[in-house]
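Pasted below: query.txt, compact mmCIF, C-alpha atoms.
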# COMPACT_ATOMS: atom_id res chain seq x y z
CA MET A 23 58.74 19.23 -36.12
CA ASP A 24 59.39 22.74 -37.47
CA MET A 25 58.91 26.06 -35.64
CA THR A 26 55.58 26.82 -37.32
CA THR A 27 54.06 23.53 -36.13
CA THR A 28 55.36 24.17 -32.59
CA LYS A 29 53.83 27.69 -32.58
CA ILE A 30 50.49 26.35 -33.81
CA SER A 31 50.53 23.63 -31.10
CA ILE A 32 51.21 26.24 -28.40
CA MET A 33 48.43 28.46 -29.73
CA ILE A 34 45.93 25.53 -29.78
CA ALA A 35 46.93 24.61 -26.22
CA LEU A 36 46.45 28.21 -25.09
CA ALA A 37 43.09 28.39 -26.87
CA MET A 38 41.96 25.19 -25.13
CA VAL A 39 43.00 26.53 -21.72
CA LEU A 40 41.05 29.72 -22.46
CA LEU A 41 37.99 27.74 -23.58
CA LEU A 42 38.06 25.56 -20.47
CA SER A 43 38.24 28.62 -18.25
CA ILE A 44 35.11 30.22 -19.77
CA PRO A 45 32.54 28.44 -17.48
CA LEU A 46 34.41 29.70 -14.45
CA SER A 47 34.98 33.20 -15.79
CA THR A 48 32.40 34.70 -13.44
CA VAL A 49 34.24 33.35 -10.45
CA THR A 50 37.16 35.53 -9.70
CA ASN A 51 40.43 34.12 -8.49
CA ALA A 52 39.76 30.44 -9.17
CA GLN A 53 41.88 28.13 -7.08
CA GLY A 54 41.94 24.65 -5.58
CA PRO A 55 42.42 21.22 -7.15
CA GLY A 56 41.58 20.89 -10.82
CA GLY A 57 41.35 24.63 -11.21
CA LEU A 58 38.01 24.68 -9.37
CA PRO A 59 37.57 27.08 -6.47
CA ASP A 60 38.06 25.47 -3.07
CA VAL A 61 34.54 26.17 -1.98
CA LYS A 62 31.83 23.89 -0.65
CA VAL A 63 28.66 23.66 1.38
CA LYS A 64 30.05 22.95 4.82
CA ASN A 65 26.72 22.45 6.55
CA MET A 66 23.03 22.51 5.86
CA THR A 67 20.46 23.21 8.57
CA PHE A 68 16.66 23.18 8.72
CA SER A 69 14.58 25.57 10.79
CA ASN A 70 12.55 22.50 11.79
CA ASP A 71 14.12 19.04 11.78
CA ASN A 72 10.77 17.31 12.17
CA PRO A 73 8.39 19.29 9.96
CA ASP A 74 4.84 18.42 9.01
CA GLU A 75 3.59 18.36 5.45
CA ASN A 76 3.05 21.88 3.99
CA ASP A 77 5.08 23.55 6.77
CA LEU A 78 7.27 26.40 5.54
CA ILE A 79 10.79 25.62 6.62
CA THR A 80 14.01 27.55 6.15
CA ILE A 81 16.89 25.59 4.71
CA THR A 82 20.22 27.27 5.32
CA ALA A 83 23.41 26.29 3.51
CA LEU A 84 26.71 27.30 5.06
CA VAL A 85 29.07 28.01 2.15
CA TRP A 86 32.75 27.80 3.02
CA ASN A 87 35.55 29.35 0.96
CA ASN A 88 38.69 27.49 1.90
CA GLY A 89 40.83 29.46 -0.56
CA SER A 90 42.99 32.47 0.07
CA LYS A 91 41.11 34.74 -2.34
CA ASN A 92 37.61 36.21 -2.31
CA LEU A 93 34.98 34.58 -4.52
CA THR A 94 32.06 36.35 -6.16
CA GLY A 95 29.29 35.40 -8.59
CA LEU A 96 28.68 32.03 -6.99
CA THR A 97 25.34 30.20 -6.98
CA VAL A 98 23.88 27.72 -4.51
CA THR A 99 21.35 25.24 -5.87
CA PHE A 100 18.98 23.54 -3.43
CA SER A 101 17.21 20.30 -4.31
CA TYR A 102 15.19 17.44 -2.81
CA ASP A 103 15.61 13.92 -4.20
CA GLY A 104 17.33 15.42 -7.25
CA THR A 105 14.51 17.87 -7.99
CA ASN A 106 15.55 21.50 -7.97
CA ILE A 107 13.93 23.78 -5.41
CA THR A 108 15.71 27.01 -6.29
CA THR A 109 19.08 28.50 -7.18
CA VAL A 110 20.36 31.48 -5.20
CA LYS A 111 22.63 33.66 -7.36
CA ASN A 112 25.35 36.30 -6.88
CA ILE A 113 26.81 34.96 -3.68
CA SER A 114 30.13 36.28 -2.47
CA VAL A 115 32.35 34.53 0.04
CA ALA A 116 35.46 36.15 1.43
CA ALA A 117 38.69 34.15 1.61
CA ASN A 118 38.85 31.61 4.45
CA SER A 119 35.39 32.43 5.63
CA THR A 120 31.81 31.26 5.43
CA THR A 121 28.50 32.74 4.40
CA THR A 122 24.96 31.53 4.96
CA VAL A 123 22.45 31.09 2.16
CA PRO A 124 18.86 30.60 3.37
CA ILE A 125 15.81 29.61 1.35
CA THR A 126 12.21 28.84 2.29
CA TRP A 127 10.63 25.52 1.22
CA LYS A 128 7.11 24.21 1.59
CA ALA A 129 7.61 20.73 3.00
CA ILE A 130 6.41 17.79 0.94
CA LYS A 131 5.51 14.60 2.82
CA TRP A 132 7.79 11.53 3.19
CA THR A 133 11.58 11.26 3.54
CA HIS A 134 13.77 13.30 1.22
CA THR A 135 17.44 13.69 0.45
CA MET A 136 17.94 17.43 0.67
CA ALA A 137 21.02 18.76 -1.13
CA ALA A 138 22.80 22.07 -1.69
CA VAL A 139 25.59 22.52 -4.22
CA VAL A 140 27.80 25.50 -5.05
CA GLY A 141 28.50 26.54 -8.62
CA THR A 142 28.38 29.34 -11.10
CA GLU A 143 25.60 30.31 -13.48
CA LYS A 144 27.06 27.93 -16.05
CA ALA A 145 28.20 24.94 -14.02
CA VAL A 146 28.14 23.45 -10.57
CA PHE A 147 31.05 22.16 -8.53
CA PRO A 148 30.07 18.54 -7.83
CA LYS A 149 32.48 18.15 -4.95
CA SER A 150 30.92 21.08 -3.14
CA VAL A 151 27.65 19.26 -2.54
CA MET A 152 26.21 18.64 0.89
CA SER A 153 23.20 16.39 1.44
CA LYS A 154 21.06 15.49 4.42
CA THR A 155 17.98 13.39 4.99
CA LEU A 156 14.83 15.16 6.09
CA LYS A 157 11.67 13.36 7.13
CA VAL A 158 8.47 15.31 6.61
CA ASN A 159 5.52 13.98 8.54
CA ALA A 160 2.42 13.47 6.44
CA ASN A 161 -0.70 15.24 7.66
CA PRO A 162 -3.34 12.93 9.10
CA ILE A 163 -5.85 11.91 6.44
CA GLY A 164 -9.42 12.97 7.10
CA ASP A 165 -11.41 13.31 10.28
CA PRO A 166 -13.69 10.81 12.02
CA TRP A 167 -16.67 13.21 11.93
CA THR A 168 -16.96 12.93 8.15
CA ILE A 169 -17.19 9.13 8.42
CA LEU A 170 -19.61 9.33 11.33
CA GLY A 171 -21.71 11.74 9.27
CA ALA A 172 -21.82 9.22 6.41
CA LEU A 173 -22.80 6.39 8.78
CA VAL A 174 -25.53 8.59 10.30
CA ALA A 175 -26.81 9.29 6.77
CA VAL A 176 -27.11 5.52 6.20
CA VAL A 177 -28.95 5.08 9.52
CA ILE A 178 -31.36 7.93 8.66
CA THR A 179 -32.04 6.29 5.28
CA ILE A 180 -32.88 3.01 7.02
CA VAL A 181 -35.17 4.78 9.51
CA ILE A 182 -36.96 6.58 6.66
CA ALA A 183 -37.24 3.28 4.79
CA VAL A 184 -38.92 1.70 7.83
CA ALA A 185 -41.44 4.52 8.17
CA PHE A 186 -41.98 5.23 4.48
CA PRO A 187 -44.45 2.39 3.62
CA ALA A 188 -46.66 3.36 6.58
CA ILE A 189 -46.63 7.02 5.50
CA LEU A 190 -47.41 6.03 1.92
CA SER A 191 -50.27 3.81 3.01
CA SER A 192 -51.68 6.56 5.25
CA MET A 193 -51.59 9.03 2.35
CA LYS A 194 -53.39 6.53 0.09
CA LYS A 195 -56.09 5.99 2.73
CA LYS A 196 -56.58 9.75 3.05
CA LYS A 197 -56.94 10.05 -0.72
CA MET A 198 -59.52 7.27 -0.80
CA LYS A 199 -61.52 9.02 1.90
CA MET B 4 -57.69 0.91 11.83
CA LEU B 5 -54.24 1.96 13.00
CA SER B 6 -53.11 5.57 13.12
CA LEU B 7 -49.94 6.58 11.29
CA GLY B 8 -47.91 6.56 14.51
CA GLU B 9 -49.16 3.10 15.47
CA ASP B 10 -48.55 1.84 11.95
CA ILE B 11 -44.94 3.03 12.02
CA LYS B 12 -44.50 1.56 15.51
CA GLU B 13 -45.81 -1.77 14.30
CA ASP B 14 -43.40 -1.70 11.34
CA ILE B 15 -40.51 -1.02 13.71
CA VAL B 16 -41.55 -3.95 15.92
CA HIS B 17 -41.81 -6.22 12.85
CA THR B 18 -38.40 -5.06 11.65
CA LEU B 19 -36.83 -5.81 15.03
CA ILE B 20 -38.43 -9.26 15.11
CA ASN B 21 -36.90 -9.92 11.69
CA VAL B 22 -33.50 -8.67 12.85
CA ARG B 23 -33.59 -11.06 15.79
CA TYR B 24 -34.75 -13.95 13.65
CA GLU B 25 -32.10 -13.34 10.98
CA LEU B 26 -29.31 -13.09 13.55
CA ARG B 27 -30.45 -16.37 15.07
CA LYS B 28 -30.40 -17.89 11.58
CA HIS B 29 -26.82 -16.69 11.03
CA PHE B 30 -25.81 -18.27 14.35
CA ARG B 31 -27.66 -21.49 13.63
CA ARG B 32 -26.10 -21.85 10.20
CA LYS B 33 -22.67 -21.28 11.78
CA ARG B 34 -21.96 -18.36 9.45
CA ILE B 35 -21.00 -16.11 12.33
CA LEU B 36 -18.72 -18.82 13.69
CA ILE B 37 -16.96 -19.18 10.31
CA ALA B 38 -16.51 -15.41 10.01
CA VAL B 39 -15.23 -15.16 13.58
CA VAL B 40 -12.67 -17.91 12.91
CA LEU B 41 -11.49 -16.03 9.80
CA ALA B 42 -11.32 -12.76 11.76
CA LEU B 43 -9.24 -14.53 14.37
CA ILE B 44 -6.86 -16.39 12.07
CA ILE B 45 -5.90 -13.55 9.70
CA PRO B 46 -4.54 -11.06 12.28
CA ILE B 47 -3.02 -13.80 14.43
CA LEU B 48 -0.92 -14.96 11.46
CA PHE B 49 0.63 -11.48 11.29
CA TYR B 50 1.69 -11.97 14.90
CA ILE B 51 2.69 -15.62 14.89
CA ILE B 52 4.67 -15.82 11.62
CA PRO B 53 7.30 -13.19 12.61
CA LYS B 54 7.60 -14.91 16.01
CA VAL B 55 8.05 -18.38 14.49
CA ARG B 56 10.45 -17.16 11.80
CA ASN B 57 12.30 -15.03 14.37
CA VAL B 58 11.75 -11.92 12.30
CA SER B 59 11.33 -8.60 14.08
CA PHE B 60 7.93 -6.92 13.97
CA ALA B 61 7.35 -3.73 11.98
CA SER B 62 9.35 -0.82 13.37
CA THR B 63 6.25 1.15 14.32
CA SER B 64 2.83 0.21 15.60
CA VAL B 65 1.35 2.21 12.70
CA ALA B 66 3.12 -0.03 10.18
CA PHE B 67 2.09 -3.14 12.11
CA MET B 68 -1.55 -2.05 12.22
CA ALA B 69 -1.57 -1.07 8.54
CA ASN B 70 -0.10 -4.51 7.63
CA SER B 71 -2.54 -6.40 9.83
CA LEU B 72 -5.49 -4.53 8.36
CA GLY B 73 -4.34 -5.24 4.82
CA PHE B 74 -6.71 -8.21 4.59
CA ILE B 75 -9.76 -6.76 6.33
CA ASN B 76 -11.03 -5.75 2.90
CA ILE B 77 -11.32 -9.43 1.93
CA LEU B 78 -12.91 -10.33 5.27
CA ILE B 79 -15.56 -7.63 4.76
CA ILE B 80 -16.33 -8.93 1.26
CA ILE B 81 -16.56 -12.55 2.47
CA SER B 82 -18.75 -11.53 5.41
CA ALA B 83 -21.06 -9.43 3.23
CA ALA B 84 -21.44 -12.27 0.71
CA MET B 85 -22.01 -14.79 3.49
CA PHE B 86 -24.58 -12.80 5.49
CA ALA B 87 -26.38 -10.99 2.68
CA GLY B 88 -25.87 -13.12 -0.45
CA ASP B 89 -29.00 -15.22 0.07
CA ALA B 90 -31.06 -12.64 1.97
CA VAL B 91 -33.59 -12.00 -0.79
CA SER B 92 -32.72 -14.50 -3.53
CA GLY B 93 -32.78 -17.34 -0.97
CA GLU B 94 -36.41 -16.59 -0.09
CA PHE B 95 -37.40 -16.74 -3.75
CA GLU B 96 -35.27 -19.74 -4.65
CA THR B 97 -36.71 -21.86 -1.83
CA ARG B 98 -40.12 -20.17 -2.27
CA THR B 99 -40.24 -19.26 1.44
CA ALA B 100 -41.20 -15.80 0.21
CA LEU B 101 -44.69 -17.25 -0.29
CA LEU B 102 -45.05 -17.37 3.49
CA SER B 103 -44.66 -13.62 3.66
CA LEU B 104 -47.97 -13.26 1.79
CA SER B 105 -49.88 -14.71 4.72
CA THR B 106 -48.11 -12.68 7.43
CA PRO B 107 -49.28 -9.26 8.62
CA GLN B 108 -45.78 -7.88 8.05
CA ARG B 109 -44.84 -5.64 5.20
CA ARG B 110 -42.23 -6.98 2.81
CA SER B 111 -40.23 -3.83 3.50
CA SER B 112 -40.07 -4.73 7.22
CA ILE B 113 -38.74 -8.18 6.34
CA PHE B 114 -36.20 -6.68 3.90
CA ILE B 115 -34.99 -4.02 6.35
CA GLY B 116 -34.83 -6.58 9.15
CA LYS B 117 -32.62 -8.81 7.03
CA TYR B 118 -30.50 -5.81 6.01
CA ILE B 119 -29.95 -4.63 9.60
CA ALA B 120 -29.13 -8.18 10.74
CA SER B 121 -26.53 -8.54 7.98
CA LEU B 122 -25.05 -5.15 8.88
CA LEU B 123 -24.84 -6.06 12.56
CA ALA B 124 -23.16 -9.36 11.74
CA VAL B 125 -20.60 -7.67 9.44
CA PHE B 126 -20.01 -4.91 12.03
CA ALA B 127 -19.43 -7.53 14.74
CA ILE B 128 -16.85 -9.32 12.60
CA ILE B 129 -15.05 -6.03 11.83
CA ALA B 130 -15.06 -5.11 15.53
CA PHE B 131 -13.68 -8.55 16.43
CA TYR B 132 -10.88 -8.21 13.84
CA PHE B 133 -9.94 -4.79 15.21
CA ALA B 134 -10.03 -6.11 18.78
CA ILE B 135 -7.54 -8.86 17.89
CA CYS B 136 -5.27 -6.37 16.09
CA GLY B 137 -5.55 -3.99 19.05
CA VAL B 138 -4.51 -6.69 21.52
CA GLU B 139 -1.53 -7.57 19.32
CA VAL B 140 -0.44 -3.91 19.09
CA LEU B 141 -0.69 -3.56 22.86
CA GLY B 142 1.30 -6.77 23.32
CA VAL B 143 4.10 -5.75 20.95
CA TYR B 144 4.29 -1.96 21.35
CA GLY B 145 2.81 -1.35 24.80
CA LEU B 146 -0.06 0.78 26.03
CA GLY B 147 0.97 3.93 24.18
CA GLY B 148 1.45 2.09 20.91
CA MET B 149 -2.11 2.26 19.63
CA PRO B 150 -2.04 4.33 16.40
CA GLU B 151 -4.22 7.45 16.44
CA ALA B 152 -5.83 6.57 13.12
CA THR B 153 -7.23 3.25 14.39
CA GLY B 154 -10.62 4.79 15.17
CA LYS B 155 -10.86 6.37 11.73
CA SER B 156 -9.87 3.12 10.05
CA PHE B 157 -12.51 1.25 12.08
CA LEU B 158 -15.25 3.69 11.07
CA LEU B 159 -14.16 3.47 7.42
CA CYS B 160 -14.34 -0.33 7.61
CA LEU B 161 -17.89 -0.07 8.98
CA LEU B 162 -18.82 2.27 6.12
CA TYR B 163 -17.24 0.00 3.53
CA GLY B 164 -18.99 -2.96 5.13
CA THR B 165 -22.30 -1.10 4.75
CA ALA B 166 -21.58 -0.42 1.07
CA ALA B 167 -20.66 -4.10 0.54
CA VAL B 168 -23.84 -5.31 2.26
CA SER B 169 -25.99 -2.89 0.21
CA MET B 170 -24.38 -4.04 -3.03
CA THR B 171 -24.86 -7.70 -2.07
CA PHE B 172 -28.52 -7.03 -1.22
CA PHE B 173 -28.88 -5.40 -4.63
CA TYR B 174 -27.59 -8.55 -6.37
CA SER B 175 -29.71 -10.70 -4.09
CA SER B 176 -32.81 -8.71 -5.07
CA VAL B 177 -32.07 -8.66 -8.79
CA LEU B 178 -30.99 -12.28 -9.23
CA LYS B 179 -33.04 -15.38 -8.54
CA GLY B 180 -30.35 -17.84 -7.45
CA VAL B 181 -28.47 -17.77 -4.15
CA MET B 182 -25.27 -19.01 -5.76
CA SER B 183 -25.31 -16.39 -8.53
CA SER B 184 -26.03 -13.47 -6.20
CA THR B 185 -23.38 -14.55 -3.68
CA LEU B 186 -20.72 -15.22 -6.32
CA LEU B 187 -21.46 -12.07 -8.28
CA SER B 188 -21.18 -9.97 -5.14
CA PHE B 189 -17.93 -11.70 -4.23
CA PHE B 190 -16.39 -11.30 -7.67
CA THR B 191 -17.61 -7.71 -8.04
CA PHE B 192 -15.65 -6.61 -5.00
CA LEU B 193 -12.72 -8.94 -5.41
CA MET B 194 -12.15 -8.84 -9.16
CA ILE B 195 -14.46 -6.79 -11.37
CA LEU B 196 -14.26 -3.42 -9.62
CA PRO B 197 -10.52 -3.67 -8.82
CA ILE B 198 -9.80 -4.57 -12.47
CA VAL B 199 -11.89 -1.64 -13.75
CA SER B 200 -10.13 0.59 -11.23
CA ALA B 201 -6.69 -0.59 -12.36
CA LEU B 202 -7.55 -0.13 -16.04
CA LEU B 203 -8.79 3.40 -15.43
CA GLN B 204 -5.58 4.22 -13.61
CA VAL B 205 -3.57 2.87 -16.53
CA ALA B 206 -5.53 5.29 -18.72
CA ASN B 207 -4.66 8.10 -16.27
CA VAL B 208 -8.26 8.39 -15.06
CA GLU B 209 -8.74 8.48 -11.32
CA PRO B 210 -11.40 5.86 -10.46
CA TRP B 211 -12.84 7.96 -7.62
CA PHE B 212 -16.35 6.64 -8.29
CA ILE B 213 -15.39 3.01 -7.70
CA VAL B 214 -16.07 1.85 -4.17
CA THR B 215 -13.15 -0.60 -4.00
CA TYR B 216 -10.81 2.30 -4.85
CA SER B 217 -12.27 4.30 -1.96
CA ALA B 218 -11.78 1.26 0.27
CA GLY B 219 -8.04 1.97 0.10
CA LEU B 220 -8.71 4.66 2.71
CA MET B 221 -9.19 1.95 5.35
CA THR B 222 -5.42 1.52 5.52
CA ASN B 223 -4.34 4.81 3.90
CA VAL B 224 -5.48 6.72 7.00
CA PHE B 225 -2.41 5.33 8.72
CA VAL B 226 -0.35 7.60 6.36
CA GLN B 227 2.49 5.14 6.20
CA GLU B 228 5.52 6.12 4.24
CA PRO B 229 5.62 3.91 1.16
CA ALA B 230 8.29 1.24 1.37
CA PHE B 231 9.76 2.22 -1.97
CA SER B 232 10.40 5.87 -1.11
CA GLY B 233 13.44 7.46 0.47
CA GLY B 234 17.08 7.09 -0.43
CA GLY B 235 19.03 9.37 -2.66
CA GLY B 236 18.37 10.60 -6.15
CA HIS B 237 14.99 10.72 -7.80
CA ASN B 238 12.48 8.50 -6.12
CA MET B 239 9.19 7.79 -7.74
CA GLY B 240 7.62 6.72 -4.45
CA PRO B 241 5.85 9.69 -2.92
CA SER B 242 4.43 11.18 -6.09
CA ALA B 243 3.27 7.81 -7.45
CA PHE B 244 1.71 6.99 -4.09
CA THR B 245 -0.07 10.31 -3.78
CA GLN B 246 -1.56 10.09 -7.27
CA SER B 247 -3.12 6.70 -6.60
CA THR B 248 -4.55 7.57 -3.20
CA PRO B 249 -8.26 8.31 -3.01
CA ASN B 250 -9.32 11.66 -1.66
CA PHE B 251 -10.69 11.21 1.85
CA THR B 252 -13.93 13.18 1.58
CA VAL B 253 -14.72 11.88 -1.91
CA GLY B 254 -13.95 8.32 -0.81
CA VAL B 255 -16.29 8.58 2.19
CA GLU B 256 -19.02 10.11 0.04
CA VAL B 257 -18.66 7.37 -2.58
CA MET B 258 -18.92 4.60 0.04
CA ALA B 259 -21.97 6.28 1.60
CA ALA B 260 -23.55 6.75 -1.84
CA TYR B 261 -23.08 3.06 -2.72
CA ALA B 262 -24.55 2.08 0.66
CA ILE B 263 -27.62 4.32 0.40
CA ILE B 264 -28.40 4.06 -3.32
CA MET B 265 -27.92 0.29 -3.52
CA PHE B 266 -30.05 -0.17 -0.39
CA ILE B 267 -32.92 1.89 -1.84
CA ILE B 268 -32.78 0.16 -5.26
CA ALA B 269 -32.51 -3.29 -3.65
CA MET B 270 -35.50 -2.58 -1.41
CA ALA B 271 -37.59 -1.20 -4.27
CA ILE B 272 -36.88 -4.34 -6.32
CA ALA B 273 -37.33 -6.82 -3.45
CA VAL B 274 -40.67 -5.36 -2.36
CA ARG B 275 -42.07 -5.58 -5.89
CA LYS B 276 -40.57 -8.94 -6.79
CA ASP B 277 -43.12 -11.55 -7.84
CA VAL B 278 -43.23 -14.93 -6.15
CA GLU B 279 -43.56 -17.51 -8.89
Encoding of this model in structure tokens:
Amino acid sequence: MDMTTTKISIMIALAMVLLLSIPLSTVTNAQGPGGLPDVKVKNMTFSNDNPDENDLITITALVWNNGSKNLTGLTVTFSYDGTNITTVKNISVAANSTTTVPITWKAIKWTHTMAAVVGTEKAVFPKSVMSKTLKVNANPIGDPWTILGALVAVVITIVIAVAFPAILSSMKKKKMK
Amino acid sequence: MLSLGEDIKEDIVHTLINVRYELRKHFRRKRILIAVVLALIIPILFYIIPKVRNVSFASTSVAFMANSLGFINILIIISAAMFAGDAVSGEFETRTALLSLSTPQRRSSIFIGKYIASLLAVFAIIAFYFAICGVEVLGVYGLGGMPEATGKSFLLCLLYGTAAVSMTFFYSSVLKGVMSSTLLSFFTFLMILPIVSALLQVANVEPWFIVTYSAGLMTNVFVQEPAFSGGGGHNMGPSAFTQSTPNFTVGVEVMAAYAIIMFIIAMAIAVRKDVE
């Protein structure tokens, strides 16, 4: 292998390293295993752990920077059952500290896997994800008064049906007179 | 000559006599007994089978009640066909309708009497079924275990029962044979309407106007979480379930509309039907 080939190989390697670092360019001072920042969602809390359908609840993600350098330009993406709720952008977390990221969500009935994941605008850090199960109580369906009203309507129809022939006959008699 | 008030009073008395007579007929022909046995066996199986197989009962009383009531739809259809299938067609098939010509009663009084008797019989069977389920819930989950939606479900069953009886009376008035009217009523509720409903749903059309679709409310009021929901990742459960659930108010209106319209049409036909 001559010198030219070696130089080209080094340049290609450098170019590849540069290319790989582009998605994380907005995050300053990347660190941690695999070159990814050592940041994750340490905890996720709900303003109401037993919400009813359509309740507005606050979901708060506690983002933890375990590295020794400050991180900026982070995003936190919230989702339920894999469906995105929202992504909060431009989050900064100081070294060895935490920050809270709250969002408001209108609760949808049934049990969901709620998740929050840290990332940048171009990629997420899969290992930073935190998920929890949240059960949203479905609102009771209907009220008994509507059904009672319908049953009363049927009863009234029957009562009218009983009286109707007599009324009709009386009207006919009056006409004949 | 009777005044209007006296005329109406007489019609009411005639109707009540017919109700009593029809109920006696249902007892005599052991129809009520058969329906009661069915109403007893179906919910008891939901209690006995887990016990025999040593399987635990549903985790909540709501789930238990919703499971137990899963077959009340069929019981209502059977009861309606049994009590109302021959109400009008039977009189014409056996020519007993000829006797009505010589009685001072109006045909409408006879028809309404038969209708009320059928309704009462179906209501009694529904009430009995709910009573058995209620006793089971109390036995398994204790005094506080009775689901809140039980009352709503009971009222919906009564309304659906009314719609089923009206529809059966309609067939009984239109058709001449007892067998054809009873079978057509049975198959309409058990096969024809559910198939139409399923086909419409395949075509992404909500079959809100089909009474058997609205009947889903009888158990949907228990708002049970679908068994296939939950877990991680995308789950198709909740959204699929919500899309195929009838709207409460629309469902109640549809059941009431079937009950009232079919009753009026059936009565109009029965009163004018010729005795050959």
If you count all atoms listed in the file, which residues fall within 12 Å of stretch 119-127 of chain A, apart from same-chain ones fewer than 6 positions away, as a PyMOL selection string? chain A and resi 60-70+73+75-94+96-102+106-113+136+138-140+158
Quick one: everything within 7 Å of B:Pro249, counting only C-alpha atoms, minus sequence neighbours fewer than 5 positions away in the same chain. Send it as number ranges by chain. B: 211, 216-217, 220, 254
Need to verify the contact set: B:Leu72, 9 Å, only C-alpha atoms, exclusion of same-chain residues closer than 3 positions in sequence. Can you return it as JSON, numbers by chain? {"B": [46, 67, 68, 69, 75, 76, 132, 133, 136, 156, 221, 222]}
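Near B:Leu123, within a cut-off of 10 Å and counting only C-alpha atoms, sit the residues Val22, Leu26, Phe86, Lys117, Tyr118, Ile119, Ala127, Ile128, Ile129, Leu161, Gly164 and Thr165 of chain B, with same-chain residues fewer than 4 positions away left out.
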Restricting it to C-alpha atoms, dump the selection as a PDB file, in the frame of the given file.
ATOM      1  CA  VAL B  22     -33.500  -8.670  12.850  1.00  0.00           C
ATOM      2  CA  LEU B  26     -29.310 -13.090  13.550  1.00  0.00           C
ATOM      3  CA  PHE B  86     -24.580 -12.800   5.490  1.00  0.00           C
ATOM      4  CA  LYS B 117     -32.620  -8.810   7.030  1.00  0.00           C
ATOM      5  CA  TYR B 118     -30.500  -5.810   6.010  1.00  0.00           C
ATOM      6  CA  ILE B 119     -29.950  -4.630   9.600  1.00  0.00           C
ATOM      7  CA  ALA B 127     -19.430  -7.530  14.740  1.00  0.00           C
ATOM      8  CA  ILE B 128     -16.850  -9.320  12.600  1.00  0.00           C
ATOM      9  CA  ILE B 129     -15.050  -6.030  11.830  1.00  0.00           C
ATOM     10  CA  LEU B 161     -17.890  -0.070   8.980  1.00  0.00           C
ATOM     11  CA  GLY B 164     -18.990  -2.960   5.130  1.00  0.00           C
ATOM     12  CA  THR B 165     -22.300  -1.100   4.750  1.00  0.00           C
TER      13      THR B 165
END
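We find atom CA of B:Ile37 and atom CA of B:Leu186 to be spaced 17.5 Å apart.
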Give me the residues of chain A that have any atom at most 8 Å from an atom of chain B; for each, the nearest atom pair and the distance in Å, rounded to one decimal. Use only C-alpha atoms, sort by chain and number, and format it as a tab-separated table.
residue	atom	partner	partner_atom	distance
A:Asp103	CA	B:Gly236	CA	4.7
A:Gly104	CA	B:Gly236	CA	5.1
A:Thr105	CA	B:His237	CA	7.2
A:Lys131	CA	B:Pro241	CA	7.6
A:Trp132	CA	B:Glu228	CA	6.0
A:Thr133	CA	B:Gly233	CA	5.2
A:His134	CA	B:Gly233	CA	5.9
A:Thr135	CA	B:Gly235	CA	5.6
A:Ala160	CA	B:Val226	CA	6.5
A:Asn161	CA	B:Val226	CA	7.8
A:Pro162	CA	B:Val226	CA	6.7
A:Ile163	CA	B:Val224	CA	5.2
A:Gly164	CA	B:Phe251	CA	5.7
A:Asp165	CA	B:Lys155	CA	7.1
A:Pro166	CA	B:Lys155	CA	5.3
A:Thr168	CA	B:Thr252	CA	7.2
A:Ile169	CA	B:Val255	CA	6.3
A:Leu170	CA	B:Leu158	CA	7.1
A:Ala172	CA	B:Ala259	CA	5.6
A:Leu173	CA	B:Leu162	CA	6.3
A:Ala175	CA	B:Ala259	CA	7.7
A:Val176	CA	B:Ile263	CA	5.9
A:Thr179	CA	B:Ile263	CA	6.9
A:Ile180	CA	B:Ile115	CA	7.4
A:Ala183	CA	B:Ile115	CA	7.8
A:Val184	CA	B:Ser112	CA	6.6
A:Ala185	CA	B:Ile11	CA	5.4
A:Pro187	CA	B:Ser111	CA	7.5
A:Ala188	CA	B:Ile11	CA	5.7
A:Ile189	CA	B:Leu7	CA	6.7
A:Ser192	CA	B:Leu7	CA	6.3
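Atom CA of B:Phe212 is positioned 10.9 Å from atom CA of B:Val199.
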